[in-house]
Amino acid sequence: MLNNYSPNMLKTYQTCPKKFYYRYIEGVNVPVSVTPFEKGKKIHALANYFLQGVNISRIETALTDVEQEVWQTLLANPFFQKDYFKSEYQLSCKIGEYWVGGRIDAVVTTGDEYFILDYKTGSIPKNPEYDYQTMVYLPALDRFLKGNYSSLSFVYINLKEKKNHVIQFTPQLKSEYEKRIIDICSQISNDTMYQINANSCSRCEYNKICAQ
Ligand code: SF4
């Protein structure tokens, strides 16, 4: 039985319950091409070392020109320049009867304002206010800080387009997020059929094994 739902799990279920079944119930891992993710992984690792105060000068010399440009874009970002609080940090909280959580890229602060950072080397989610990353991590950090802040925001850093998308956590969003999280977690925990959603099969890595 699953007892902690990550944003990816919730997103996968929303995309297709059958896909959720293959990945998280059966544990079937279909290899996908890692090439598009390599640049992102390197930048995330470098950002984590940098924020933790590790000397990264030798690692920086191993970056390609394209990676170096992305890295410089992140370094110049005003949110990335705020004070370090946490990075690559596992954060969970209980919403209703469900535990949700995952690993955030970073949290930075001005002392009383807190910002969850999410670096994107590709595009940011189409509907960032209601992406499961936003809806899980903001309430989780809110619980972690026990309300000791003047403002709490989620910042999607779009490194490709050099733009930030900032979502400020409000009491209204808090109750809306909790309602949506409880709703999807309860659907998952009560599901026994894991119906297919054929709308996204063409991009699905399980399409060769999926019995439709
Ligand atoms: S191939 Fe289609 S129906 Fe099958 S798991 Fe993927 S998205 Fe779902």
# chains A, B, ... in the order shown; residues from 1 in each chain; ligands from 1
$ residues_around --residues "Phe79 (chain A)" --least-positions-apart "6" --cutoff "8 Å" --atoms "only C-alpha atoms" --output "JSON, numbers by chain"
{"A": [108, 115, 117]}
$ write_last_selection --atoms "N, CA and C atoms" --output "JSON list (two decimals), in the first residue's frame"
[["chain", "number", "residue", "atom", "x", "y", "z"],
["A", 108, "VAL", "N", 15.12, 29.55, -0.60],
["A", 108, "VAL", "CA", 15.94, 30.71, -0.24],
["A", 108, "VAL", "C", 15.07, 31.68, 0.56],
["A", 115, "PHE", "N", 11.15, 31.47, -0.39],
["A", 115, "PHE", "CA", 10.87, 31.19, -1.79],
["A", 115, "PHE", "C", 11.34, 29.77, -2.11],
["A", 117, "LEU", "N", 12.42, 27.36, -4.86],
["A", 117, "LEU", "CA", 12.89, 27.52, -6.24],
["A", 117, "LEU", "C", 12.80, 26.20, -6.98]]
$ residues_near_ligand --ligand "ligand 1" --cutoff "10 Å" --atoms "only C-alpha atoms and all ligand atoms" --output "PyMOL selection string"
chain A and resi 12-13+15-23+194-212
$ select_by_dssp --residues "region 68-110 of chain A" --states "strand (DSSP E or B)" --output "list in words"
Asp83, Tyr84, Phe85, Lys86, Ser87, Glu88, Tyr89, Gln90, Leu91, Ser92, Cys93, Lys94, Ile95, Tyr98, Trp99, Val100, Gly101, Gly102, Arg103, Ile104, Asp105, Ala106, Val107, Val108 and Thr109 of chain A
$ atom_distance --atom1 "CA of Ser186 (chain A)" --atom2 "CA of Leu173 (chain A)"
19.6 Å
$ residues_around --residues "Ile116 (chain A)" --least-positions-apart "5" --cutoff "6 Å" --atoms "only C-alpha atoms" --output "PyMOL selection string"
chain A and resi 106-107+154-155
$ write_last_selection --atoms "all heavy atoms" --output "CSV table (one decimal), in the first residue's frame"
chain,number,residue,atom,x,y,z
A,106,ALA,N,15.4,23.9,-4.1
A,106,ALA,CA,16.0,24.8,-3.1
A,106,ALA,C,14.9,25.7,-2.4
A,106,ALA,O,13.9,25.9,-3.0
A,106,ALA,CB,17.0,25.7,-3.8
A,107,VAL,N,15.3,26.2,-1.2
A,107,VAL,CA,14.5,27.2,-0.6
A,107,VAL,C,15.5,28.3,-0.2
A,107,VAL,O,16.5,28.1,0.3
A,107,VAL,CB,13.8,26.7,0.7
A,107,VAL,CG1,13.0,27.9,1.4
A,107,VAL,CG2,12.9,25.5,0.5
A,154,PHE,N,6.3,30.2,-4.4
A,154,PHE,CA,6.9,29.2,-5.3
A,154,PHE,C,7.4,29.9,-6.5
A,154,PHE,O,6.6,30.6,-7.2
A,154,PHE,CB,5.9,28.1,-5.7
A,154,PHE,CG,6.5,26.8,-6.2
A,154,PHE,CD1,6.5,25.6,-5.5
A,154,PHE,CD2,7.2,26.8,-7.4
A,154,PHE,CE1,7.1,24.5,-6.0
A,154,PHE,CE2,7.8,25.7,-7.9
A,154,PHE,CZ,7.7,24.5,-7.2
A,155,VAL,N,8.7,29.7,-6.9
A,155,VAL,CA,9.2,30.4,-8.1
A,155,VAL,C,9.7,29.4,-9.1
A,155,VAL,O,10.6,28.6,-8.8
A,155,VAL,CB,10.4,31.3,-7.7
A,155,VAL,CG1,10.9,32.1,-8.9
A,155,VAL,CG2,10.1,32.2,-6.5
$ closest_residue --among "A:Thr121, A:Thr64, A:Gln81, A:Ser175" --to "Asn158 (chain A)" --atoms "only C-alpha atoms"
A:Thr121
$ residues_around --residues "region 65-77 of chain A" --least-positions-apart "3" --cutoff "8 Å" --atoms "only C-alpha atoms" --output "PyMOL selection string"
chain A and resi 39+43+60+80-81+121+159-160+162
$ write_last_selection --atoms "C-alpha atoms" --output "PDB file, in the first residue's frame"
ATOM      1  CA  LYS A  39      21.678  19.148 -18.937  1.00  0.00           C
ATOM      2  CA  ILE A  43      22.645  22.165 -13.475  1.00  0.00           C
ATOM      3  CA  GLU A  60      32.400  24.413 -13.779  1.00  0.00           C
ATOM      4  CA  PHE A  80      18.948  32.395  -6.728  1.00  0.00           C
ATOM      5  CA  GLN A  81      20.990  35.203  -5.167  1.00  0.00           C
ATOM      6  CA  THR A 121      15.978  23.960 -18.265  1.00  0.00           C
ATOM      7  CA  LEU A 159      16.285  29.123 -17.601  1.00  0.00           C
ATOM      8  CA  LYS A 160      15.477  28.737 -21.282  1.00  0.00           C
ATOM      9  CA  LYS A 162      15.143  33.712 -18.662  1.00  0.00           C
TER      10      LYS A 162
END
$ residues_around --residues "Asp142 (chain A)" --least-positions-apart "6" --cutoff "10 Å" --atoms "only C-alpha atoms" --output "PDB file with N, CA and C atoms, in the first residue's frame"
ATOM      1  N   CYS A  93       4.369  16.406   4.219  1.00  0.00           N
ATOM      2  CA  CYS A  93       3.379  16.818   5.219  1.00  0.00           C
ATOM      3  C   CYS A  93       2.140  15.944   5.038  1.00  0.00           C
ATOM      4  N   TYR A 114      10.074  33.570   2.292  1.00  0.00           N
ATOM      5  CA  TYR A 114      10.668  32.306   1.841  1.00  0.00           C
ATOM      6  C   TYR A 114      10.222  32.024   0.413  1.00  0.00           C
ATOM      7  N   ASN A 148       5.846  30.740  10.553  1.00  0.00           N
ATOM      8  CA  ASN A 148       6.783  31.812  10.932  1.00  0.00           C
ATOM      9  C   ASN A 148       7.406  32.459   9.701  1.00  0.00           C
ATOM     10  N   TYR A 149       6.629  33.176   8.968  1.00  0.00           N
ATOM     11  CA  TYR A 149       7.126  33.890   7.780  1.00  0.00           C
ATOM     12  C   TYR A 149       6.147  35.001   7.440  1.00  0.00           C
ATOM     13  N   SER A 151       5.905  36.006   4.048  1.00  0.00           N
ATOM     14  CA  SER A 151       5.330  35.542   2.776  1.00  0.00           C
ATOM     15  C   SER A 151       6.063  34.294   2.318  1.00  0.00           C
ATOM     16  N   LEU A 152       5.330  33.491   1.585  1.00  0.00           N
ATOM     17  CA  LEU A 152       5.858  32.215   1.100  1.00  0.00           C
ATOM     18  C   LEU A 152       5.457  32.089  -0.367  1.00  0.00           C
ATOM     19  N   SER A 153       6.434  31.820  -1.231  1.00  0.00           N
ATOM     20  CA  SER A 153       6.147  31.767  -2.669  1.00  0.00           C
ATOM     21  C   SER A 153       6.852  30.590  -3.319  1.00  0.00           C
ATOM     22  N   PHE A 169       1.756  32.065  -1.897  1.00  0.00           N
ATOM     23  CA  PHE A 169       0.846  31.204  -1.133  1.00  0.00           C
ATOM     24  C   PHE A 169      -0.110  32.084  -0.333  1.00  0.00           C
ATOM     25  N   LYS A 174      -4.221  27.873  -0.100  1.00  0.00           N
ATOM     26  CA  LYS A 174      -3.956  26.794   0.862  1.00  0.00           C
ATOM     27  C   LYS A 174      -5.158  25.850   0.950  1.00  0.00           C
TER      28      LYS A 174
END
$ closest_atom_pairs --of "region 120-173 of chain A" --to "region 83-91 of chain A" --cutoff "9 Å" --atoms "only C-alpha atoms" --output "JSON lines"
{"residue": "A:Tyr137", "atom": "CA", "partner": "A:Leu91", "partner_atom": "CA", "distance": 7.4}
{"residue": "A:Ala140", "atom": "CA", "partner": "A:Leu91", "partner_atom": "CA", "distance": 6.3}
{"residue": "A:Leu141", "atom": "CA", "partner": "A:Leu91", "partner_atom": "CA", "distance": 7.2}
{"residue": "A:Phe144", "atom": "CA", "partner": "A:Leu91", "partner_atom": "CA", "distance": 8.1}
$ write_last_selection --atoms "C-alpha atoms" --output "PDB file, in the first residue's frame"
ATOM      1  CA  TYR A 137       5.523  21.849  -1.755  1.00  0.00           C
ATOM      2  CA  ALA A 140       4.643  21.250   3.048  1.00  0.00           C
ATOM      3  CA  LEU A 141       6.945  24.237   3.587  1.00  0.00           C
ATOM      4  CA  PHE A 144       7.636  23.045   8.183  1.00  0.00           C
TER       5      PHE A 144
END
$ atom_distance --atom1 "CA of Thr110 (chain A)" --atom2 "CA of Lys126 (chain A)"
28.4 Å
$ residues_around --residues "Asn8 (chain A)" --least-positions-apart "6" --cutoff "12 Å" --atoms "only C-alpha atoms" --output "list of chain:residue names"
A:Gln14, A:Thr15, A:Lys19, A:Phe20, A:Arg23, A:Tyr24, A:Val100, A:Gly101, A:Gly102, A:Arg103, A:Asp131, A:Tyr132, A:Gln133, A:Thr134, A:Met135, A:Val136
$ residues_around --residues "Cys185 (chain A)" --least-positions-apart "3" --cutoff "12 Å" --atoms "only C-alpha atoms" --output "PyMOL selection string"
chain A and resi 2-7+9-11+13-14+94-100+132+136+178-182+188-191
$ atom_distance --atom1 "CA of Asp118 (chain A)" --atom2 "CA of Tyr156 (chain A)"
5.0 Å
$ closest_residue --among "A:Pro139, A:Pro78, A:Gly147, A:Gly40" --to "Lys163 (chain A)" --atoms "only C-alpha atoms"
A:Pro78
$ decode --residues "region 147-158 of chain A" --atoms "all heavy atoms" --output "PDB file, in the first residue's frame"
ATOM      1  N   GLY A 147       4.233  28.554  10.080  1.00  0.00           N
ATOM      2  CA  GLY A 147       3.636  29.882   9.932  1.00  0.00           C
ATOM      3  C   GLY A 147       4.571  31.038  10.270  1.00  0.00           C
ATOM      4  O   GLY A 147       4.153  32.198  10.252  1.00  0.00           O
ATOM      5  N   ASN A 148       5.846  30.740  10.553  1.00  0.00           N
ATOM      6  CA  ASN A 148       6.783  31.812  10.932  1.00  0.00           C
ATOM      7  C   ASN A 148       7.406  32.459   9.701  1.00  0.00           C
ATOM      8  O   ASN A 148       8.594  32.284   9.422  1.00  0.00           O
ATOM      9  CB  ASN A 148       7.888  31.256  11.847  1.00  0.00           C
ATOM     10  CG  ASN A 148       7.324  30.832  13.178  1.00  0.00           C
ATOM     11  OD1 ASN A 148       6.472  31.523  13.750  1.00  0.00           O
ATOM     12  ND2 ASN A 148       7.760  29.685  13.674  1.00  0.00           N
ATOM     13  N   TYR A 149       6.629  33.176   8.968  1.00  0.00           N
ATOM     14  CA  TYR A 149       7.126  33.890   7.780  1.00  0.00           C
ATOM     15  C   TYR A 149       6.147  35.001   7.440  1.00  0.00           C
ATOM     16  O   TYR A 149       4.981  34.959   7.856  1.00  0.00           O
ATOM     17  CB  TYR A 149       7.288  32.925   6.590  1.00  0.00           C
ATOM     18  CG  TYR A 149       6.018  32.200   6.203  1.00  0.00           C
ATOM     19  CD1 TYR A 149       5.054  32.811   5.393  1.00  0.00           C
ATOM     20  CD2 TYR A 149       5.769  30.910   6.644  1.00  0.00           C
ATOM     21  CE1 TYR A 149       3.890  32.148   5.043  1.00  0.00           C
ATOM     22  CE2 TYR A 149       4.608  30.241   6.300  1.00  0.00           C
ATOM     23  CZ  TYR A 149       3.673  30.874   5.496  1.00  0.00           C
ATOM     24  OH  TYR A 149       2.509  30.220   5.158  1.00  0.00           O
ATOM     25  N   SER A 150       6.640  35.987   6.688  1.00  0.00           N
ATOM     26  CA  SER A 150       5.728  37.061   6.255  1.00  0.00           C
ATOM     27  C   SER A 150       5.141  36.741   4.888  1.00  0.00           C
ATOM     28  O   SER A 150       4.036  37.164   4.572  1.00  0.00           O
ATOM     29  CB  SER A 150       6.450  38.413   6.219  1.00  0.00           C
ATOM     30  OG  SER A 150       7.464  38.386   5.231  1.00  0.00           O
ATOM     31  N   SER A 151       5.905  36.006   4.048  1.00  0.00           N
ATOM     32  CA  SER A 151       5.330  35.542   2.776  1.00  0.00           C
ATOM     33  C   SER A 151       6.063  34.294   2.318  1.00  0.00           C
ATOM     34  O   SER A 151       7.234  34.087   2.654  1.00  0.00           O
ATOM     35  CB  SER A 151       5.396  36.638   1.701  1.00  0.00           C
ATOM     36  OG  SER A 151       6.701  36.742   1.215  1.00  0.00           O
ATOM     37  N   LEU A 152       5.330  33.491   1.585  1.00  0.00           N
ATOM     38  CA  LEU A 152       5.858  32.215   1.100  1.00  0.00           C
ATOM     39  C   LEU A 152       5.457  32.089  -0.367  1.00  0.00           C
ATOM     40  O   LEU A 152       4.282  32.272  -0.703  1.00  0.00           O
ATOM     41  CB  LEU A 152       5.241  31.084   1.946  1.00  0.00           C
ATOM     42  CG  LEU A 152       5.507  29.640   1.565  1.00  0.00           C
ATOM     43  CD1 LEU A 152       6.995  29.347   1.533  1.00  0.00           C
ATOM     44  CD2 LEU A 152       4.834  28.717   2.588  1.00  0.00           C
ATOM     45  N   SER A 153       6.434  31.820  -1.231  1.00  0.00           N
ATOM     46  CA  SER A 153       6.147  31.767  -2.669  1.00  0.00           C
ATOM     47  C   SER A 153       6.852  30.590  -3.319  1.00  0.00           C
ATOM     48  O   SER A 153       7.876  30.112  -2.820  1.00  0.00           O
ATOM     49  CB  SER A 153       6.640  33.041  -3.381  1.00  0.00           C
ATOM     50  OG  SER A 153       6.125  34.178  -2.763  1.00  0.00           O
ATOM     51  N   PHE A 154       6.304  30.174  -4.437  1.00  0.00           N
ATOM     52  CA  PHE A 154       6.944  29.153  -5.281  1.00  0.00           C
ATOM     53  C   PHE A 154       7.417  29.883  -6.531  1.00  0.00           C
ATOM     54  O   PHE A 154       6.638  30.589  -7.170  1.00  0.00           O
ATOM     55  CB  PHE A 154       5.917  28.075  -5.662  1.00  0.00           C
ATOM     56  CG  PHE A 154       6.543  26.813  -6.205  1.00  0.00           C
ATOM     57  CD1 PHE A 154       6.504  25.637  -5.481  1.00  0.00           C
ATOM     58  CD2 PHE A 154       7.189  26.812  -7.431  1.00  0.00           C
ATOM     59  CE1 PHE A 154       7.083  24.468  -5.971  1.00  0.00           C
ATOM     60  CE2 PHE A 154       7.780  25.659  -7.928  1.00  0.00           C
ATOM     61  CZ  PHE A 154       7.720  24.479  -7.195  1.00  0.00           C
ATOM     62  N   VAL A 155       8.696  29.694  -6.874  1.00  0.00           N
ATOM     63  CA  VAL A 155       9.233  30.391  -8.052  1.00  0.00           C
ATOM     64  C   VAL A 155       9.712  29.366  -9.076  1.00  0.00           C
ATOM     65  O   VAL A 155      10.645  28.600  -8.806  1.00  0.00           O
ATOM     66  CB  VAL A 155      10.426  31.300  -7.670  1.00  0.00           C
ATOM     67  CG1 VAL A 155      10.898  32.089  -8.897  1.00  0.00           C
ATOM     68  CG2 VAL A 155      10.052  32.236  -6.534  1.00  0.00           C
ATOM     69  N   TYR A 156       9.047  29.321 -10.215  1.00  0.00           N
ATOM     70  CA  TYR A 156       9.547  28.523 -11.335  1.00  0.00           C
ATOM     71  C   TYR A 156      10.557  29.383 -12.078  1.00  0.00           C
ATOM     72  O   TYR A 156      10.196  30.448 -12.598  1.00  0.00           O
ATOM     73  CB  TYR A 156       8.415  28.128 -12.279  1.00  0.00           C
ATOM     74  CG  TYR A 156       7.544  27.033 -11.726  1.00  0.00           C
ATOM     75  CD1 TYR A 156       6.344  27.323 -11.077  1.00  0.00           C
ATOM     76  CD2 TYR A 156       7.931  25.693 -11.825  1.00  0.00           C
ATOM     77  CE1 TYR A 156       5.552  26.317 -10.549  1.00  0.00           C
ATOM     78  CE2 TYR A 156       7.138  24.680 -11.308  1.00  0.00           C
ATOM     79  CZ  TYR A 156       5.950  24.998 -10.676  1.00  0.00           C
ATOM     80  OH  TYR A 156       5.162  23.997 -10.150  1.00  0.00           O
ATOM     81  N   ILE A 157      11.801  28.932 -12.125  1.00  0.00           N
ATOM     82  CA  ILE A 157      12.842  29.683 -12.849  1.00  0.00           C
ATOM     83  C   ILE A 157      13.001  29.051 -14.226  1.00  0.00           C
ATOM     84  O   ILE A 157      13.494  27.931 -14.354  1.00  0.00           O
ATOM     85  CB  ILE A 157      14.178  29.659 -12.077  1.00  0.00           C
ATOM     86  CG1 ILE A 157      13.998  30.332 -10.712  1.00  0.00           C
ATOM     87  CG2 ILE A 157      15.277  30.338 -12.880  1.00  0.00           C
ATOM     88  CD1 ILE A 157      15.257  30.382  -9.871  1.00  0.00           C
ATOM     89  N   ASN A 158      12.531  29.765 -15.223  1.00  0.00           N
ATOM     90  CA  ASN A 158      12.612  29.266 -16.598  1.00  0.00           C
ATOM     91  C   ASN A 158      13.955  29.711 -17.184  1.00  0.00           C
ATOM     92  O   ASN A 158      14.118  30.858 -17.604  1.00  0.00           O
ATOM     93  CB  ASN A 158      11.437  29.838 -17.405  1.00  0.00           C
ATOM     94  CG  ASN A 158      11.390  29.279 -18.809  1.00  0.00           C
ATOM     95  OD1 ASN A 158      12.416  28.857 -19.353  1.00  0.00           O
ATOM     96  ND2 ASN A 158      10.208  29.267 -19.399  1.00  0.00           N
TER      97      ASN A 158
END
